[in-house]
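Okay, target_28.json is below, JSON, N, CA, C and O atoms:
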[["chain", "number", "residue", "atom", "x", "y", "z"],
["O", 1396, "MET", "N", 153.26, 155.16, 6.22],
["O", 1396, "MET", "CA", 154.69, 155.14, 6.45],
["O", 1396, "MET", "C", 154.94, 155.28, 7.95],
["O", 1396, "MET", "O", 154.25, 156.02, 8.62],
["O", 1397, "ALA", "N", 155.92, 154.60, 8.44],
["O", 1397, "ALA", "CA", 156.27, 154.68, 9.84],
["O", 1397, "ALA", "C", 157.61, 155.39, 10.00],
["O", 1397, "ALA", "O", 158.44, 155.40, 9.09],
["O", 1398, "LYS", "N", 157.82, 156.00, 11.14],
["O", 1398, "LYS", "CA", 159.11, 156.59, 11.48],
["O", 1398, "LYS", "C", 159.78, 155.64, 12.46],
["O", 1398, "LYS", "O", 159.12, 154.99, 13.26],
["O", 1399, "ILE", "N", 161.10, 155.55, 12.36],
["O", 1399, "ILE", "CA", 161.85, 154.71, 13.29],
["O", 1399, "ILE", "C", 162.85, 155.56, 14.04],
["O", 1399, "ILE", "O", 163.27, 156.62, 13.58],
["O", 1400, "LYS", "N", 163.21, 155.10, 15.21],
["O", 1400, "LYS", "CA", 164.26, 155.75, 16.01],
["O", 1400, "LYS", "C", 165.56, 155.00, 15.70],
["O", 1400, "LYS", "O", 165.78, 153.89, 16.18],
["O", 1401, "MET", "N", 166.39, 155.61, 14.86],
["O", 1401, "MET", "CA", 167.60, 154.94, 14.41],
["O", 1401, "MET", "C", 168.50, 154.51, 15.56],
["O", 1401, "MET", "O", 169.10, 153.44, 15.52],
["O", 1402, "ASP", "N", 168.60, 155.35, 16.61],
["O", 1402, "ASP", "CA", 169.48, 154.97, 17.71],
["O", 1402, "ASP", "C", 169.01, 153.68, 18.36],
["O", 1402, "ASP", "O", 169.81, 152.82, 18.71],
["O", 1403, "LEU", "N", 167.69, 153.51, 18.49],
["O", 1403, "LEU", "CA", 167.17, 152.27, 19.08],
["O", 1403, "LEU", "C", 167.34, 151.08, 18.13],
["O", 1403, "LEU", "O", 167.61, 149.96, 18.57],
["O", 1404, "ILE", "N", 167.17, 151.34, 16.85],
["O", 1404, "ILE", "CA", 167.37, 150.28, 15.86],
["O", 1404, "ILE", "C", 168.82, 149.82, 15.88],
["O", 1404, "ILE", "O", 169.11, 148.62, 15.93],
["O", 1405, "VAL", "N", 169.74, 150.77, 15.86],
["O", 1405, "VAL", "CA", 171.16, 150.44, 15.88],
["O", 1405, "VAL", "C", 171.51, 149.71, 17.17],
["O", 1405, "VAL", "O", 172.25, 148.71, 17.15],
["O", 1406, "GLU", "N", 170.96, 150.17, 18.29],
["O", 1406, "GLU", "CA", 171.22, 149.50, 19.57],
["O", 1406, "GLU", "C", 170.67, 148.07, 19.54],
["O", 1406, "GLU", "O", 171.34, 147.13, 19.94],
["O", 1407, "HIS", "N", 169.45, 147.91, 19.04],
["O", 1407, "HIS", "CA", 168.81, 146.60, 19.00],
["O", 1407, "HIS", "C", 169.56, 145.63, 18.09],
["O", 1407, "HIS", "O", 169.69, 144.45, 18.40],
["O", 1408, "LEU", "N", 170.05, 146.12, 16.97],
["O", 1408, "LEU", "CA", 170.75, 145.29, 16.00],
["O", 1408, "LEU", "C", 172.27, 145.36, 16.17],
["O", 1408, "LEU", "O", 173.01, 145.01, 15.26],
["O", 1409, "GLY", "N", 172.71, 145.80, 17.33],
["O", 1409, "GLY", "CA", 174.13, 146.03, 17.58],
["O", 1409, "GLY", "C", 175.03, 144.87, 17.24],
["O", 1409, "GLY", "O", 176.07, 145.04, 16.60],
["O", 1410, "VAL", "N", 174.65, 143.67, 17.61],
["O", 1410, "VAL", "CA", 175.50, 142.50, 17.36],
["O", 1410, "VAL", "C", 175.64, 142.26, 15.86],
["O", 1410, "VAL", "O", 176.75, 142.04, 15.36],
["O", 1411, "GLN", "N", 174.52, 142.33, 15.13],
["O", 1411, "GLN", "CA", 174.57, 142.12, 13.69],
["O", 1411, "GLN", "C", 175.36, 143.24, 13.00],
["O", 1411, "GLN", "O", 176.16, 142.98, 12.10],
["O", 1412, "LEU", "N", 175.15, 144.49, 13.43],
["O", 1412, "LEU", "CA", 175.87, 145.61, 12.82],
["O", 1412, "LEU", "C", 177.36, 145.54, 13.14],
["O", 1412, "LEU", "O", 178.20, 145.84, 12.28],
["O", 1413, "GLN", "N", 177.70, 145.11, 14.35],
["O", 1413, "GLN", "CA", 179.10, 144.97, 14.70],
["O", 1413, "GLN", "C", 179.76, 143.91, 13.82],
["O", 1413, "GLN", "O", 180.87, 144.09, 13.32],
["O", 1414, "GLY", "N", 179.05, 142.82, 13.60],
["O", 1414, "GLY", "CA", 179.57, 141.78, 12.71],
["O", 1414, "GLY", "C", 179.71, 142.28, 11.29],
["O", 1414, "GLY", "O", 180.69, 141.96, 10.60],
["O", 1415, "ALA", "N", 178.75, 143.08, 10.83],
["O", 1415, "ALA", "CA", 178.82, 143.63, 9.48],
["O", 1415, "ALA", "C", 180.02, 144.57, 9.34],
["O", 1415, "ALA", "O", 180.70, 144.56, 8.30],
["O", 1416, "MET", "N", 180.27, 145.39, 10.36],
["O", 1416, "MET", "CA", 181.44, 146.27, 10.31],
["O", 1416, "MET", "C", 182.73, 145.46, 10.29],
["O", 1416, "MET", "O", 183.66, 145.77, 9.55],
["O", 1417, "LYS", "N", 182.77, 144.41, 11.09],
["O", 1417, "LYS", "CA", 183.96, 143.55, 11.12],
["O", 1417, "LYS", "C", 184.20, 142.95, 9.74],
["O", 1417, "LYS", "O", 185.33, 142.93, 9.24],
["O", 1418, "ASP", "N", 183.12, 142.45, 9.11],
["O", 1418, "ASP", "CA", 183.23, 141.89, 7.77],
["O", 1418, "ASP", "C", 183.72, 142.93, 6.77],
["O", 1418, "ASP", "O", 184.56, 142.65, 5.92],
["O", 1419, "THR", "N", 183.17, 144.15, 6.88],
["O", 1419, "THR", "CA", 183.53, 145.22, 5.96],
["O", 1419, "THR", "C", 185.01, 145.57, 6.10],
["O", 1419, "THR", "O", 185.73, 145.68, 5.10],
["O", 1420, "ILE", "N", 185.46, 145.72, 7.32],
["O", 1420, "ILE", "CA", 186.87, 146.06, 7.57],
["O", 1420, "ILE", "C", 187.77, 144.96, 7.04],
["O", 1420, "ILE", "O", 188.78, 145.23, 6.37],
["O", 1421, "ARG", "N", 187.41, 143.72, 7.30],
["O", 1421, "ARG", "CA", 188.22, 142.60, 6.83],
["O", 1421, "ARG", "C", 188.27, 142.55, 5.31],
["O", 1421, "ARG", "O", 189.33, 142.40, 4.71],
["O", 1422, "ASP", "N", 187.11, 142.70, 4.67],
["O", 1422, "ASP", "CA", 187.03, 142.56, 3.22],
["O", 1422, "ASP", "C", 187.67, 143.72, 2.46],
["O", 1422, "ASP", "O", 188.23, 143.53, 1.39],
["O", 1423, "MET", "N", 187.59, 144.93, 3.01],
["O", 1423, "MET", "CA", 188.09, 146.10, 2.29],
["O", 1423, "MET", "C", 189.55, 146.42, 2.61],
["O", 1423, "MET", "O", 190.19, 147.14, 1.88],
["O", 1424, "LYS", "N", 190.05, 145.91, 3.70],
["O", 1424, "LYS", "CA", 191.42, 146.16, 4.15],
["O", 1424, "LYS", "C", 191.73, 147.65, 4.33],
["O", 1424, "LYS", "O", 192.83, 148.03, 4.61],
["O", 1425, "LEU", "N", 190.73, 148.51, 4.12],
["O", 1425, "LEU", "CA", 190.78, 149.95, 4.39],
["O", 1425, "LEU", "C", 192.03, 150.65, 3.86],
["O", 1425, "LEU", "O", 192.57, 151.54, 4.50],
["O", 1426, "VAL", "N", 192.45, 150.28, 2.67],
["O", 1426, "VAL", "CA", 193.56, 150.97, 2.01],
["O", 1426, "VAL", "C", 192.96, 151.79, 0.87],
["O", 1426, "VAL", "O", 192.35, 151.25, -0.03],
["O", 1427, "ASP", "N", 193.15, 153.10, 0.93],
["O", 1427, "ASP", "CA", 192.60, 154.00, -0.09],
["O", 1427, "ASP", "C", 191.11, 153.79, -0.31],
["O", 1427, "ASP", "O", 190.64, 153.74, -1.44],
["O", 1428, "VAL", "N", 190.37, 153.68, 0.77],
["O", 1428, "VAL", "CA", 188.93, 153.46, 0.69],
["O", 1428, "VAL", "C", 188.23, 154.80, 0.90],
["O", 1428, "VAL", "O", 188.54, 155.53, 1.83],
["O", 1429, "THR", "N", 187.29, 155.11, 0.02],
["O", 1429, "THR", "CA", 186.51, 156.34, 0.18],
["O", 1429, "THR", "C", 185.33, 156.05, 1.11],
["O", 1429, "THR", "O", 184.97, 154.89, 1.34],
["O", 1430, "GLU", "N", 184.73, 157.12, 1.61],
["O", 1430, "GLU", "CA", 183.57, 156.97, 2.47],
["O", 1430, "GLU", "C", 182.44, 156.25, 1.72],
["O", 1430, "GLU", "O", 181.74, 155.42, 2.27],
["O", 1431, "ARG", "N", 182.30, 156.58, 0.45],
["O", 1431, "ARG", "CA", 181.26, 155.95, -0.37],
["O", 1431, "ARG", "C", 181.50, 154.45, -0.52],
["O", 1431, "ARG", "O", 180.59, 153.64, -0.41],
["O", 1432, "ASP", "N", 182.76, 154.07, -0.77],
["O", 1432, "ASP", "CA", 183.10, 152.65, -0.88],
["O", 1432, "ASP", "C", 182.82, 151.92, 0.43],
["O", 1432, "ASP", "O", 182.29, 150.81, 0.43],
["O", 1433, "LEU", "N", 183.19, 152.57, 1.54],
["O", 1433, "LEU", "CA", 182.96, 151.96, 2.85],
["O", 1433, "LEU", "C", 181.47, 151.79, 3.12],
["O", 1433, "LEU", "O", 181.03, 150.73, 3.58],
["O", 1434, "LEU", "N", 180.68, 152.82, 2.80],
["O", 1434, "LEU", "CA", 179.24, 152.74, 3.02],
["O", 1434, "LEU", "C", 178.63, 151.62, 2.19],
["O", 1434, "LEU", "O", 177.83, 150.83, 2.69],
["O", 1435, "ARG", "N", 178.98, 151.53, 0.93],
["O", 1435, "ARG", "CA", 178.45, 150.46, 0.07],
["O", 1435, "ARG", "C", 178.81, 149.08, 0.59],
["O", 1435, "ARG", "O", 177.98, 148.18, 0.62],
["O", 1436, "ALA", "N", 180.06, 148.91, 0.99],
["O", 1436, "ALA", "CA", 180.49, 147.61, 1.52],
["O", 1436, "ALA", "C", 179.77, 147.29, 2.83],
["O", 1436, "ALA", "O", 179.37, 146.15, 3.06],
["O", 1437, "PHE", "N", 179.58, 148.33, 3.67],
["O", 1437, "PHE", "CA", 178.87, 148.11, 4.93],
["O", 1437, "PHE", "C", 177.42, 147.74, 4.67],
["O", 1437, "PHE", "O", 176.88, 146.83, 5.29],
["O", 1438, "GLN", "N", 176.76, 148.43, 3.74],
["O", 1438, "GLN", "CA", 175.38, 148.11, 3.41],
["O", 1438, "GLN", "C", 175.26, 146.67, 2.92],
["O", 1438, "GLN", "O", 174.33, 145.95, 3.28],
["O", 1439, "LYS", "N", 176.20, 146.23, 2.13],
["O", 1439, "LYS", "CA", 176.20, 144.85, 1.64],
["O", 1439, "LYS", "C", 176.37, 143.88, 2.80],
["O", 1439, "LYS", "O", 175.66, 142.87, 2.89],
["O", 1440, "ALA", "N", 177.29, 144.19, 3.71],
["O", 1440, "ALA", "CA", 177.52, 143.33, 4.86],
["O", 1440, "ALA", "C", 176.30, 143.28, 5.77],
["O", 1440, "ALA", "O", 175.96, 142.22, 6.31],
["O", 1441, "VAL", "N", 175.61, 144.41, 5.93],
["O", 1441, "VAL", "CA", 174.40, 144.44, 6.75],
["O", 1441, "VAL", "C", 173.34, 143.53, 6.13],
["O", 1441, "VAL", "O", 172.67, 142.77, 6.83],
["O", 1442, "LYS", "N", 173.19, 143.59, 4.82],
["O", 1442, "LYS", "CA", 172.22, 142.73, 4.14],
["O", 1442, "LYS", "C", 172.54, 141.25, 4.37],
["O", 1442, "LYS", "O", 171.63, 140.43, 4.47],
["O", 1443, "MET", "N", 173.82, 140.94, 4.46],
["O", 1443, "MET", "CA", 174.22, 139.55, 4.69],
["O", 1443, "MET", "C", 173.98, 139.14, 6.15],
["O", 1443, "MET", "O", 173.63, 137.99, 6.42],
["O", 1444, "ARG", "N", 174.18, 140.06, 7.07],
["O", 1444, "ARG", "CA", 174.07, 139.76, 8.51],
["O", 1444, "ARG", "C", 172.66, 139.86, 9.05],
["O", 1444, "ARG", "O", 172.29, 139.17, 9.99],
["O", 1445, "CYS", "N", 171.86, 140.77, 8.51],
["O", 1445, "CYS", "CA", 170.52, 141.03, 9.02],
["O", 1445, "CYS", "C", 169.49, 140.47, 8.03],
["O", 1445, "CYS", "O", 169.74, 140.42, 6.83],
["O", 1446, "GLY", "N", 168.36, 140.09, 8.57],
["O", 1446, "GLY", "CA", 167.29, 139.61, 7.72],
["O", 1446, "GLY", "C", 166.63, 140.76, 6.98],
["O", 1446, "GLY", "O", 166.84, 141.94, 7.29],
["O", 1447, "THR", "N", 165.82, 140.41, 5.98],
["O", 1447, "THR", "CA", 165.07, 141.43, 5.26],
["O", 1447, "THR", "C", 164.20, 142.20, 6.23],
["O", 1447, "THR", "O", 164.10, 143.42, 6.18],
["O", 1448, "TRP", "N", 163.57, 141.49, 7.13],
["O", 1448, "TRP", "CA", 162.75, 142.09, 8.19],
["O", 1448, "TRP", "C", 163.33, 141.65, 9.53],
["O", 1448, "TRP", "O", 163.57, 140.48, 9.74],
["O", 1449, "GLU", "N", 163.55, 142.59, 10.40],
["O", 1449, "GLU", "CA", 164.05, 142.31, 11.74],
["O", 1449, "GLU", "C", 162.99, 142.74, 12.75],
["O", 1449, "GLU", "O", 162.31, 143.75, 12.55],
["O", 1450, "ASN", "N", 162.84, 141.97, 13.79],
["O", 1450, "ASN", "CA", 161.95, 142.37, 14.88],
["O", 1450, "ASN", "C", 162.66, 143.40, 15.74],
["O", 1450, "ASN", "O", 163.82, 143.21, 16.11],
["O", 1451, "VAL", "N", 161.98, 144.50, 15.99],
["O", 1451, "VAL", "CA", 162.54, 145.57, 16.81],
["O", 1451, "VAL", "C", 161.50, 145.96, 17.86],
["O", 1451, "VAL", "O", 160.31, 145.70, 17.69],
["O", 1452, "PRO", "N", 161.94, 146.57, 18.94],
["O", 1452, "PRO", "CA", 160.99, 146.95, 19.99],
["O", 1452, "PRO", "C", 159.98, 147.99, 19.48],
["O", 1452, "PRO", "O", 160.31, 148.83, 18.63],
["O", 1453, "ASP", "N", 158.76, 147.93, 19.99],
["O", 1453, "ASP", "CA", 157.74, 148.89, 19.62],
["O", 1453, "ASP", "C", 158.19, 150.33, 19.89],
["O", 1453, "ASP", "O", 157.82, 151.25, 19.16],
["O", 1454, "SER", "N", 159.03, 150.51, 20.90],
["O", 1454, "SER", "CA", 159.50, 151.85, 21.25],
["O", 1454, "SER", "C", 160.40, 152.45, 20.16],
["O", 1454, "SER", "O", 160.64, 153.64, 20.16],
["O", 1455, "ALA", "N", 160.84, 151.63, 19.22],
["O", 1455, "ALA", "CA", 161.72, 152.11, 18.15],
["O", 1455, "ALA", "C", 160.94, 152.54, 16.91],
["O", 1455, "ALA", "O", 161.52, 153.03, 15.96],
["O", 1456, "VAL", "N", 159.61, 152.37, 16.93],
["O", 1456, "VAL", "CA", 158.80, 152.65, 15.75],
["O", 1456, "VAL", "C", 157.63, 153.57, 16.14],
["O", 1456, "VAL", "O", 156.99, 153.38, 17.15],
["O", 1457, "ASP", "N", 157.39, 154.57, 15.30],
["O", 1457, "ASP", "CA", 156.25, 155.45, 15.47],
["O", 1457, "ASP", "C", 155.38, 155.31, 14.24],
["O", 1457, "ASP", "O", 155.71, 155.79, 13.16],
["O", 1458, "THR", "N", 154.25, 154.60, 14.36],
["O", 1458, "THR", "CA", 153.37, 154.38, 13.23],
["O", 1458, "THR", "C", 152.34, 155.49, 13.07],
["O", 1458, "THR", "O", 151.57, 155.49, 12.12],
["O", 1459, "GLY", "N", 152.34, 156.47, 13.96],
["O", 1459, "GLY", "CA", 151.39, 157.55, 13.90],
["O", 1459, "GLY", "C", 151.85, 158.71, 13.04],
["O", 1459, "GLY", "O", 151.35, 159.82, 13.15],
["O", 1460, "TYR", "N", 152.78, 158.47, 12.17],
["O", 1460, "TYR", "CA", 153.34, 159.52, 11.32],
["O", 1460, "TYR", "C", 152.34, 159.97, 10.31],
["O", 1460, "TYR", "O", 151.65, 159.35, 9.65]]
Reformat the file's structure so that it appears as structure tokens.
Amino acid sequence: MAKIKMDLIVEHLGVQLQGAMKDTIRDMKLVDVTERDLLRAFQKAVKMRCGTWENVPDSAVDTGY
């Protein structure tokens, strides 16, 4: 198992995550939305925007775990 640095992953995938958030906000219209609903919609949008496997910098992964 490897450990990842989430801040670097988020930074590296910033454009895709920003697009996923935009899609989530547009699709949910944020009326009476719970945090759980928002998270689920965001996760779905991320799956649509990002590939199953994304290339990330070596500095974002620690395989010596």
Exercise. Any idea what's packed within 4.5 Å of Thr1458 in chain O, counting all atoms listed in the file, ignoring anything in its chain fewer than 2 positions away? Could you give it as a list in words?
Worked result: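 Surrounding residues, per the criterion: Met1396, Ala1397, Val1456 and Tyr1460 of chain O.
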Show me, as a PDB file with N, CA, C and O atoms, keeping the file's coordinate frame, the residues that have an atom within 7 Å of range 1439-1442 of chain O when counting only C-alpha atoms, minus same-chain residues fewer than 3 positions from it.
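See out.pdb below for the written result:
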ATOM      1  N   LEU O1412     175.150 144.490  13.430  1.00  0.00           N
ATOM      2  CA  LEU O1412     175.870 145.610  12.820  1.00  0.00           C
ATOM      3  C   LEU O1412     177.360 145.540  13.140  1.00  0.00           C
ATOM      4  O   LEU O1412     178.200 145.840  12.280  1.00  0.00           O
ATOM      5  N   ALA O1415     178.750 143.080  10.830  1.00  0.00           N
ATOM      6  CA  ALA O1415     178.820 143.630   9.480  1.00  0.00           C
ATOM      7  C   ALA O1415     180.020 144.570   9.340  1.00  0.00           C
ATOM      8  O   ALA O1415     180.700 144.560   8.300  1.00  0.00           O
ATOM      9  N   ASP O1418     183.120 142.450   9.110  1.00  0.00           N
ATOM     10  CA  ASP O1418     183.230 141.890   7.770  1.00  0.00           C
ATOM     11  C   ASP O1418     183.720 142.930   6.770  1.00  0.00           C
ATOM     12  O   ASP O1418     184.560 142.650   5.920  1.00  0.00           O
ATOM     13  N   THR O1419     183.170 144.150   6.880  1.00  0.00           N
ATOM     14  CA  THR O1419     183.530 145.220   5.960  1.00  0.00           C
ATOM     15  C   THR O1419     185.010 145.570   6.100  1.00  0.00           C
ATOM     16  O   THR O1419     185.730 145.680   5.100  1.00  0.00           O
ATOM     17  N   ARG O1435     178.980 151.530   0.930  1.00  0.00           N
ATOM     18  CA  ARG O1435     178.450 150.460   0.070  1.00  0.00           C
ATOM     19  C   ARG O1435     178.810 149.080   0.590  1.00  0.00           C
ATOM     20  O   ARG O1435     177.980 148.180   0.620  1.00  0.00           O
ATOM     21  N   ALA O1436     180.060 148.910   0.990  1.00  0.00           N
ATOM     22  CA  ALA O1436     180.490 147.610   1.520  1.00  0.00           C
ATOM     23  C   ALA O1436     179.770 147.290   2.830  1.00  0.00           C
ATOM     24  O   ALA O1436     179.370 146.150   3.060  1.00  0.00           O
ATOM     25  N   CYS O1445     171.860 140.770   8.510  1.00  0.00           N
ATOM     26  CA  CYS O1445     170.520 141.030   9.020  1.00  0.00           C
ATOM     27  C   CYS O1445     169.490 140.470   8.030  1.00  0.00           C
ATOM     28  O   CYS O1445     169.740 140.420   6.830  1.00  0.00           O
ATOM     29  N   GLY O1446     168.360 140.090   8.570  1.00  0.00           N
ATOM     30  CA  GLY O1446     167.290 139.610   7.720  1.00  0.00           C
ATOM     31  C   GLY O1446     166.630 140.760   6.980  1.00  0.00           C
ATOM     32  O   GLY O1446     166.840 141.940   7.290  1.00  0.00           O
TER      33      GLY O1446
END
Problem set entry | Test item: residues at most 8 Å from Val1451 in chain O, only N, CA, C and O atoms, excluding those fewer than 5 positions along its chain, as a list in words |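 The contact residues come out as Leu1403, Ile1404, His1407, Leu1408 and Val1456 of chain O.
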For this session: Calculate how many Å separate CA of Gly1414 in chain O from atom C of Met1443 in chain O, rounding to one decimal.
Result: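 Computed distance, CA of Gly1414 in chain O to atom C of Met1443 in chain O, equals 9.0 Å.
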Problem set entry | Å distance separating atom N of Leu1433 in chain O from atom C of Thr1447 in chain O, one decimal place |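 Taking atom N of Leu1433 in chain O and atom C of Thr1447 in chain O, their separation equals 22.1 Å.
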For this session: Per DSSP on the backbone, filter chain O down to the residues in strand (DSSP E) and report them as a ChimeraX atom specification.
Result: /O:1398-1399,1456-1457
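Interatomic distance, atom C of Asp1427 in chain O against atom N of Gly1409 in chain O: 26.7 Å.
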Exercise. Residues of chain O in alpha helix (DSSP H) according to DSSP, as an MDAnalysis selection string?
Worked result: chainID O and resid 1401:1407 1409:1423 1430:1444
For this session: Write out as number ranges by chain the residues lying within 8 Å of Asp1453 in chain O, counting only N, CA, C and O atoms and excluding same-chain residues fewer than 5 positions away.
Result: O: 1398-1400, 1458
Problem set entry | Residue among O:Glu1430, O:Asp1457, O:Pro1452, O:Arg1444 lying closest to Glu1406 in chain O, counting only C-alpha atoms |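 Of the candidates, the smallest distance to Glu1406 in chain O is held by O:Pro1452.
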